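Some notes on the structure that comes next.
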Amino acid sequence: MEDRDQVALYEEVARLTDKMLSAARQADWDGLTELEAGCAQCVEKLKGCPAAGMISAEVRSQKVALLKTILANDREIRQLASPWMAQLNHLLGTANRQCKLARSYGPASSREG
């Protein structure tokens with residue numbers, strides 16, 4: 001993969017993380033999840049790229065700038081999603097406890113048979 005192709009992938013990841021951040025700011029968690037899948041595909045493509053040999057200063061600075069944008073977006077997305085994730089974990093824990101109680105102390109008719 002050529003340098004310009006890698007830069008294009010970094011640009012796509014940056015574009016997707018911008019959209020993900022917008023979704024997180026709007027508490028659109030379903031939209032965020034869909035965008036995250038596309039972002040993960042781009043990241044997988046980048047992981048498959050051979051290690052960069054000698055790259056120009058221009059390409060290096062482009063990659064660095066894009067990575068800074070991606071990391072800043074990721075940091076803010078995590079901050080916005082953290083309370084939602086905590087609430088989701090609490091709800092899942094409560095539902096899990098309720099299921100266990102229902103199995104243990106369900107209707108007497110189901111235990112008498």
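Ordering of the structure tokens sets the chain letters (A, B, ...); residue numbers start at 1 within each chain; ligands are numbered from 1 in the order shown.
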When you look at Pro50 (chain A) with a cut-off of 12 Å (counting only C-alpha atoms), what residues show up, excluding the ones that are within fewer than 5 positions of it in the same chain? I need them as a PDB file with N, CA and C atoms, in the first residue's frame.
ATOM      1  N   MET A   1       0.850  -1.179   0.000  1.00  0.00           N
ATOM      2  CA  MET A   1       0.000   0.000   0.000  1.00  0.00           C
ATOM      3  C   MET A   1       0.896   1.243   0.000  1.00  0.00           C
ATOM      4  N   GLU A   2       0.568   2.166  -0.836  1.00  0.00           N
ATOM      5  CA  GLU A   2       1.378   3.369  -0.952  1.00  0.00           C
ATOM      6  C   GLU A   2       1.051   4.354   0.174  1.00  0.00           C
ATOM      7  N   ASP A   3       1.963   5.300   0.368  1.00  0.00           N
ATOM      8  CA  ASP A   3       1.785   6.293   1.428  1.00  0.00           C
ATOM      9  C   ASP A   3       0.466   7.045   1.291  1.00  0.00           C
ATOM     10  N   GLN A   6      -2.375   5.009   2.574  1.00  0.00           N
ATOM     11  CA  GLN A   6      -2.402   4.983   4.037  1.00  0.00           C
ATOM     12  C   GLN A   6      -2.943   6.297   4.581  1.00  0.00           C
ATOM     13  N   LYS A  45      -7.549  -2.434   8.184  1.00  0.00           N
ATOM     14  CA  LYS A  45      -6.786  -2.254   6.943  1.00  0.00           C
ATOM     15  C   LYS A  45      -5.430  -1.629   7.239  1.00  0.00           C
TER      16      LYS A  45
END
Enumerate, as number ranges by chain, the complete set of residues in chain A that a backbone-based DSSP assignment places in alpha helix (DSSP H).
A: 3-25, 29-47, 57-105, 108-112
How far is it from CA of Asp18 (chain A) to CA of Asp5 (chain A), in Å with one decimal?
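Result for CA of Asp18 (chain A) versus CA of Asp5 (chain A): 19.9 Å, one decimal.
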Restricting the calculation to only C-alpha atoms, which member of A:Ile70, A:Ala86, A:Ile77, A:Val64 is positioned closest to Arg15 (chain A)?
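That would be A:Ile70, the residue with the smallest distance to Arg15 (chain A).
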Rounded to one decimal, what separation in Å do you get between CA of Asp74 (chain A) and CA of Arg60 (chain A)?
20.8 Å
Which residue gives the smallest distance to Asp28 (chain A) among A:Ala72, A:Ala81, A:Met54, A:Leu16, with only C-alpha atoms counted?
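Among the listed residues, A:Ala81 lies closest to Asp28 (chain A).
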Go ahead and compute the interatomic distance for CA of Arg4 (chain A) and CA of Val43 (chain A), in Å to one decimal.
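Computed distance, CA of Arg4 (chain A) to CA of Val43 (chain A), equals 15.6 Å.
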For each of A:Leu92, A:Leu80, A:Leu71, A:Cys99, take the minimum atom-to-atom distance to Tyr10 (chain A), counting only C-alpha atoms, then give the residue where this is smallest.
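Result for the nearest residue to Tyr10 (chain A): A:Leu71.
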List as JSON, numbers by chain the protein and nucleic acid residues near Val7 (chain A), meaning an atom at most 10 Å away when only C-alpha atoms are counted, but skip any in the same chain fewer than 6 places from it.
{"A": [13, 46, 59, 60, 62, 63, 66]}
